[in-house]
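S.K.: What follows is a single structure, and I will ask about it in a moment.
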Amino acid sequence: MEFFKYTKALGFMGKSKFTRSLSILLVLGSFAILATKGLNYGVDFAGGTIVQVKYESAAPIDEMREKLKSNTIFDGATITEFGSKEEVVIRMRTTTGDVVVDVGDVARETLGGTGEFEIRRVDIVGPKVGSELKEKGIMSMILAVIGILIYVAFRFEWRFAVASILALVHDVTIALGAIALVGLEVNLDVLAALLTILGYSLNDTIIIFDRIRESVVKRGDSKLSDIIDESITRTLARTTLTSLTTFFVVFTLFMFGGEIIHAFAFTLLVGIVVGTYSSIFVASPTLLLFGFDVKNYHVKLAQKAKREAEKERMRAQYESGVM
Amino acid sequence: MQLLESMRMKLNYRVVIFALAIVFGIFFSAPSLFQMQDGKKVTLGLDLQGGLHMLLGVKTEEAVESRIKSIAASVKHFSERKDILIDTLNFDENGITITLLDKDDVKRIKSFLHEVKGAVVVVVDESISFTLSDEEIQNTQKQAISQAIETIRNRLDQFGLTEPIVARQGEEKILVQLAGIKTMEEEQRARELISRAAKLELMAVDEDRAARVYSMSESEAASYGDVILEDATNPKIKHLVREIPILDGGMLTDAHVGFDENNRPLISFSLNAEGAEIFGDFTGKNVGKHLAVVLDSKVYSAPVINERIGGGSGQISGNYTVMEAKDLAIALRSGSLMAPIYLMEKRSVGPSLGADSIKASMIALVGGFILVIIFMVVYYRMAGIIANIALISNLFIILAIMSLFGATLTLPGMAGIVLTVGMAVDANVIISERIRELLHEGKSINKAIEDGYANAMSAILDANITTLIAAVVLYAYGTGAIKGFAITISIGILASMLTAILGTHGIYQMLSKRIQKSKNNLLWFGIKG
């Protein structure tokens with residue numbers, strides 16, 4: 001089977017005006033949602049308590065609410081279904097510092113008499129730990145981006161690095177916008193998903209960039225936009241296939257992975273779509289925008305290749321001499 | 001003979017390494033896969049097997065206060081032994097002030113206090129004020145944390161759970177991880193054991209004012225140098241005792257469960273030589289008076305002293321079950337906490353939720369895996385099958401490496417494996433596309449395979465290394481379960497280099513003669529021509 005057979009380069013860069021507007025629109029839209037609706041930080045980052053309760057039969061949510069009113073510790077607590085009718089999650093912003101009796105124990109006591117239930121999970125994140133996790137999360141994003149930037153600049157050229165980072169910012173912003181739009185809770189797993197998107201989207205971008213670099217070596221006199229079009233077209237089969245297979249597995253994770261992995265899978269789903277789009281329509285056009293000089297780079301690569309060939313020759317001579 | 005010769009021709013170093021990797025993968029993943037008795041197995045994270053994760057903080061300022069309190073106690077004991085008459089002796093969280101009746105004694109107390117590490121002593125006439133230097137305060141606080149870690153570790157080691165983890169995290173946090181907790185009750189028991197101060201104090205009852213204890217305010221008691229404590233069995237009963245204890249649990253050497261004549265559990269303890277001497281002195285001088293056995297600021301008993309008690313052993317009787325007595329003895333044996341601990345973070349997962357999570361992620365893993373495998377065969381035919389061999393061995397190798405290093409498999413870790421499946425085929429997709437491209441250009445099969453691998457290499461390497469950078473950052477900055485995600489992704493990427501690049505290349509080389517002979521590009525690479 002073969003979806004794409006290369007016959008001629010498709011005119012991706014010819015459409016870059018349209019896709020640029022689309023990307024700007026999506027990014028601005030995401031900013032608008034993030035500014036107005038904001039991110040719904042979960043306990044990991046905002047601090048607070050989560051108590052997950054599973055009943056033998058459908059959870060008596062109204063009765064639970066009534067019971068929880070009896071203790072001020074539960075002020076502002078919300079109860080929501082979690083995956084099934086039997087299972088609910090109580091969320092609150094309050095935490096307790098006592099090791100022996102914590103909010104979970106109090107909840108167990110308070111909910112007594114509402115039916116047969118089992119407390120399956122208690123997460124308590126104190127405000128200090130929450131803000132630390134948030135700091136660490138932001139730091140890890142920045143560090144990952146810097147690390148990648150350095151590597152790409154070293155392996156390619158600085159314009160490639162900037163273009164790929166721009167695509168990454170584009171992806172993460174839109175993913176965050178989507179998360180804010182559906183009101184998904186942002187916890188550590190979502191952060192992990194965002195970092196995975198960084199890696200994934202970058203994969204896509206680099207494979208196209210690698211082709212562009214290869215084409216520059218082969219045909220240093222062509223127009224950049226032609227080279228980009230050809231490279232994207234030649235990698236299109238791979239881009240689509242890998243995106244599809246990854247999409248498959250993440251989709252099964254989303255469908256069957258259970259409630260706990262839901263936010264993680266959702267973030268990845270958005271990221272895969274946006275990441276694939278951005279490597280074609282954001283990263284590559286950015287090279288054009290920055291006035292990447294094909295001839296210059298061609299000469300540079302040619303020199304580098306020559307130097308390496310020279311080294312190789314010397315080594316061969318040396319080795320044969322020794323032998 | 002000729003058959004053997006032709007077989008040998010086909011073998012190449014890539015395929016040999018790949019075969020060894022598969023054997024390694026199967027051999028070391030088997031214990032985890034089949035839950036065998038022997039062999040190293042992958043550890044399931046707390047989110048998958050159920051358990052308790054806690055980050056604890058230490059109220060270090062209270063360690064300083066209790067240090068000052070015990071220095072005050074030793075001053076008192078010293079002055080009694082040396083017949084120094086004290087007018088007033090007060091202390092708070094900052095220091096101690098002592099006023100003596102006789103100015104000539106100031107020197108002796110001063111030199112005694114100077115022996116305390118980090119002491120700052122100021123003398124004005126017959127009053128002496130004692131504080132700790134800033135450096136010593138910091139030392140005490142640091143020590144409180146180390147001591148808390150040590151103590152909690154000791155206690156949990158005796159609690160009966162397998163491999164409890166107690167470690168320092170950052171400057172002042174204590175990480176406690178307990179796997180395999182079955183019920184909420186057991187969890188709470190463990191938390192009680194961890195946080196129990198287990199501070200044993202033997203205190204003198206203020207005989208002169210004890211009768212007025214129920215009408216006395218805390219501040220009035222404090223003005224006499226006394227403190228009002230509740231009874232352990234009945235909180236309504238109050239005891240008035242001297243604030244400065246005769247001795248504290250620091251001099252305790254052993255504690256174990258025993259039984260009284262009515263077969264009720266009690267705890268017997270022994271004191272070290274110094275403690276035994278102080279105890280002997282005190283009981284000798286105070287026959288006929290009451291001695292309060294105080295544990296964590298509750299009075300367990302206040303018997304009358306009948307005679308001088310030498311030997312340095314005593315008992316704590318109370319209304320506890322054998323289980324409670326056992327836990328209490330563990331706590332006393334492992335030493336008291338210098339400062340109270342408090343909860344900063346807690347993640348507790350019940351075993352049933354963990355089992356559900358395993359089930360759900362296994363369904364996703366198997367489902368996604370089958371989809372990818374079918375897709376690859378349909379799209380690439382034999383090339384797809386070769387890629388699938390690499391993919392399956394990749395899974396075994398991930399599991400084997402994790403088992404070998406005792407890495408922890410968490411729920412995000414499972415997600416990482418699922419994701420690796422998606423990404424590991426990427427290398428083979430890139431290679432196969434390159435080979436197809438070259439075949440379309442009319443290259444010979446052999447040339448197409450070799451050049452295909454060469455052309456694909458730089459893209460695959462760059463892509464993998466950048467993902468690895470993200471994973472390493474995630475590992476360094478991630479916490480708990482997220483670290484598990486970074487681990488599986490990293491191992492998966494590294495393993496895929498071995499299986500998807502080296503392994504499949506070896507298989508092609510091994511089969512190259514057959515592929516060339518068949519000239520069937522549709523069968524081998526899924527394309528016409």
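Here, A, B, ... name the chains of the structure tokens in the order displayed, residue numbers run from 1 inside each chain, and ligands are numbered from 1 in the same displayed order.
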For the strand (DSSP E or B) assignment from backbone DSSP, which residues of range 203-262 of chain B qualify? Please present them as a ChimeraX atom specification.
M.R.: /B:203-205,226-231,238-242,247-248,252-259
S.K.: Show me, as a VMD selection string, the residues of chain B whose atoms get within 6 Å of chain A, using only C-alpha atoms for the distance check.
M.R.: chain B and resid 191 to 192 342 to 350 353 360 to 361 364 368 372 379 422 426 430 459 463 466 to 467 470 473 477 526
S.K.: What gap, in Å, lies between CA of Ser458 in chain B and CA of Thr19 in chain A?
M.R.: 28.7 Å
S.K.: What's around range 492-503 of chain B at 6 Å? Count only C-alpha atoms, leave out sequence neighbours fewer than 3 positions away in its own chain, and write the answer as an NGL selection string.
M.R.: :B and (14-15 or 18 or 390 or 394 or 398 or 420 or 424 or 488-489 or 506)
S.K.: Residues as selected, N, CA and C atoms, written as a short mmCIF file (atom, residue, chain, number, x, y, z; two decimals), in the first residue's frame, can you do that?
M.R.:
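Result written to selection.cif:
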```
data_model
loop_
_atom_site.label_atom_id
_atom_site.label_comp_id
_atom_site.auth_asym_id
_atom_site.auth_seq_id
_atom_site.Cartn_x
_atom_site.Cartn_y
_atom_site.Cartn_z
N ARG B 14 25.14 -7.35 13.00
CA ARG B 14 23.94 -6.65 13.46
C ARG B 14 22.90 -7.63 13.96
N VAL B 15 22.70 -8.69 13.18
CA VAL B 15 21.67 -9.65 13.55
C VAL B 15 22.07 -10.39 14.82
N PHE B 18 21.38 -8.12 17.68
CA PHE B 18 19.93 -8.03 17.84
C PHE B 18 19.39 -9.28 18.53
N ALA B 390 10.96 -5.76 15.54
CA ALA B 390 11.73 -4.79 16.31
C ALA B 390 10.89 -4.18 17.43
N ASN B 394 11.46 -4.51 21.35
CA ASN B 394 11.63 -3.25 22.08
C ASN B 394 10.89 -3.30 23.42
N ILE B 398 12.62 -3.00 27.05
CA ILE B 398 12.25 -1.96 28.03
C ILE B 398 11.99 -2.61 29.39
N THR B 420 5.88 5.14 23.42
CA THR B 420 7.10 4.63 22.79
C THR B 420 6.76 3.73 21.61
N ALA B 424 8.46 4.43 18.36
CA ALA B 424 9.52 3.51 17.93
C ALA B 424 9.30 3.07 16.49
N THR B 488 10.63 5.45 31.29
CA THR B 488 10.23 4.52 30.23
C THR B 488 10.48 5.12 28.85
N ILE B 489 10.22 6.42 28.71
CA ILE B 489 10.47 7.07 27.41
C ILE B 489 11.95 6.97 27.06
N GLY B 506 20.02 -5.54 10.32
CA GLY B 506 20.61 -6.88 10.32
C GLY B 506 19.72 -7.90 9.65
#
```
S.K.: Quick one, how far is CA of Met323 in chain B from CA of Lys298 in chain B?
M.R.: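 So the answer is 19.3 Å.
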S.K.: Any idea what the distance is between CA of Asp208 in chain B and CA of Gly288 in chain B?
M.R.: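 These two atoms are separated by 13.1 Å.
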S.K.: Taking only range 42-189 of chain A into account, list the residues labelled helix (DSSP H, G or I) by DSSP (computed from the backbone), as an MDAnalysis selection string.
M.R.: chainID A and resid 43:46 61:68 72:74 103:110 127:155 158:182 188:189
S.K.: Take the residues that were just selected and, keeping C-alpha atoms, output them as a compact mmCIF listing (two decimals), in the first residue's frame.
M.R.:
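Saved as out.txt:
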```txt
# COMPACT_ATOMS: atom_id res chain seq x y z
CA VAL A 43 -4.29 20.26 43.29
CA ASP A 44 -0.76 19.52 42.09
CA PHE A 45 -0.14 23.15 41.28
CA ALA A 46 -2.75 25.08 43.22
CA ILE A 61 -24.09 12.99 45.62
CA ASP A 62 -26.79 15.19 47.16
CA GLU A 63 -26.63 13.31 50.45
CA MET A 64 -22.86 13.58 50.40
CA ARG A 65 -23.04 17.34 49.87
CA GLU A 66 -25.42 17.62 52.79
CA LYS A 67 -23.10 15.62 55.05
CA LEU A 68 -20.01 17.55 54.06
CA THR A 72 -16.04 23.68 57.89
CA ILE A 73 -13.01 21.80 56.60
CA PHE A 74 -15.10 20.99 53.52
CA VAL A 103 -8.85 15.51 55.37
CA GLY A 104 -9.24 12.02 53.94
CA ASP A 105 -9.82 10.53 57.38
CA VAL A 106 -12.29 13.27 58.22
CA ALA A 107 -14.11 12.63 54.95
CA ARG A 108 -14.32 8.91 55.71
CA GLU A 109 -15.81 9.69 59.07
CA THR A 110 -18.18 12.37 57.78
CA PRO A 127 0.30 25.25 49.29
CA LYS A 128 4.08 25.29 49.59
CA VAL A 129 4.54 22.04 47.70
CA GLY A 130 2.01 23.19 45.10
CA SER A 131 3.87 26.38 44.28
CA GLU A 132 7.14 24.45 44.25
CA LEU A 133 5.75 21.98 41.76
CA LYS A 134 4.56 24.86 39.62
CA GLU A 135 7.98 26.50 39.70
CA LYS A 136 9.65 23.23 38.86
CA GLY A 137 7.18 22.64 36.05
CA ILE A 138 7.86 25.99 34.43
CA MET A 139 11.59 25.50 34.94
CA SER A 140 11.50 22.09 33.27
CA MET A 141 9.70 23.56 30.25
CA ILE A 142 12.25 26.34 29.92
CA LEU A 143 15.20 24.01 30.40
CA ALA A 144 13.88 21.54 27.86
CA VAL A 145 13.43 24.32 25.32
CA ILE A 146 16.92 25.71 25.96
CA GLY A 147 18.49 22.26 25.70
CA ILE A 148 16.72 21.60 22.43
CA LEU A 149 17.60 25.06 21.12
CA ILE A 150 21.28 24.49 21.76
CA TYR A 151 21.24 21.05 20.20
CA VAL A 152 19.43 22.15 17.04
CA ALA A 153 21.61 25.24 16.65
CA PHE A 154 24.65 23.01 16.97
CA ARG A 155 23.41 20.37 14.53
CA TRP A 158 20.60 29.13 14.45
CA ARG A 159 17.67 29.94 12.14
CA PHE A 160 16.58 26.31 12.29
CA ALA A 161 16.74 26.43 16.07
CA VAL A 162 14.67 29.58 16.27
CA ALA A 163 12.17 28.23 13.75
CA SER A 164 11.71 24.99 15.66
CA ILE A 165 11.33 26.81 18.97
CA LEU A 166 8.73 29.08 17.41
CA ALA A 167 6.84 26.01 16.28
CA LEU A 168 7.09 24.58 19.80
CA VAL A 169 5.76 27.74 21.41
CA HIS A 170 2.97 27.68 18.83
CA ASP A 171 2.08 24.08 19.73
CA VAL A 172 2.21 24.46 23.48
CA THR A 173 0.19 27.68 23.38
CA ILE A 174 -2.56 26.09 21.29
CA ALA A 175 -2.55 22.95 23.45
CA LEU A 176 -2.88 25.11 26.56
CA GLY A 177 -5.66 27.05 24.85
CA ALA A 178 -7.50 23.81 24.13
CA ILE A 179 -7.02 22.68 27.72
CA ALA A 180 -8.43 25.97 28.98
CA LEU A 181 -11.30 25.79 26.51
CA VAL A 182 -12.56 22.43 27.71
CA LEU A 188 1.52 17.04 36.72
CA ASP A 189 0.40 14.58 34.06
```
S.K.: With a distance cut-off of 9 Å and only C-alpha atoms, select the neighbouring residues of Asp451 in chain B, excluding the residue or stretch itself and same-chain residues fewer than 6 positions from it, and output the selection as a ChimeraX atom specification.
M.R.: /B:434-435,438
S.K.: Go ahead and dump the residues you just picked, N, CA and C atoms, as a PDB file, in the first residue's frame.
M.R.:
```
ATOM      1  N   ARG B 434      12.416   5.760   3.000  1.00  0.00           N
ATOM      2  CA  ARG B 434      13.653   6.034   2.273  1.00  0.00           C
ATOM      3  C   ARG B 434      13.960   4.915   1.275  1.00  0.00           C
ATOM      4  N   ILE B 435      13.774   3.677   1.727  1.00  0.00           N
ATOM      5  CA  ILE B 435      14.048   2.537   0.847  1.00  0.00           C
ATOM      6  C   ILE B 435      13.104   2.577  -0.359  1.00  0.00           C
ATOM      7  N   LEU B 438      14.173   5.135  -2.875  1.00  0.00           N
ATOM      8  CA  LEU B 438      15.311   4.708  -3.684  1.00  0.00           C
ATOM      9  C   LEU B 438      14.900   3.647  -4.692  1.00  0.00           C
TER      10      LEU B 438
END
```
S.K.: Quick one: residues within 8 Å of Ala355 in chain B, only C-alpha atoms counted, chain neighbours fewer than 3 positions away excluded, as number ranges by chain?
M.R.: B: 48-49, 351-352, 358-359
S.K.: Find the spatial neighbours of Ile237 in chain B, counting only C-alpha atoms, within a cut-off of 12 Å - ignore same-chain residues fewer than 2 positions away - and output them as a compact mmCIF listing (two decimals) with C-alpha atoms, in the first residue's frame.
M.R.:
```txt
# COMPACT_ATOMS: atom_id res chain seq x y z
CA ALA B 210 -1.96 19.48 93.19
CA ALA B 211 -5.27 19.71 95.01
CA VAL B 213 -5.36 21.81 89.79
CA TYR B 214 -8.99 21.99 88.62
CA ILE B 228 -1.25 21.15 83.75
CA LEU B 229 -1.40 17.86 81.88
CA GLU B 230 -4.30 15.64 80.92
CA ASP B 231 -4.61 12.05 81.94
CA ALA B 232 -4.10 9.57 79.11
CA THR B 233 -7.08 7.38 79.90
CA ASN B 234 -9.51 10.07 80.98
CA PRO B 235 -8.94 13.56 79.61
CA HIS B 239 -2.41 16.56 86.82
CA LEU B 240 -0.25 19.41 88.03
CA LYS B 298 -0.24 12.96 78.60
CA VAL B 299 0.03 11.45 82.04
CA TYR B 300 -0.12 7.66 81.86
CA SER B 301 0.27 7.05 85.55
CA ALA B 302 1.29 8.91 88.66
```
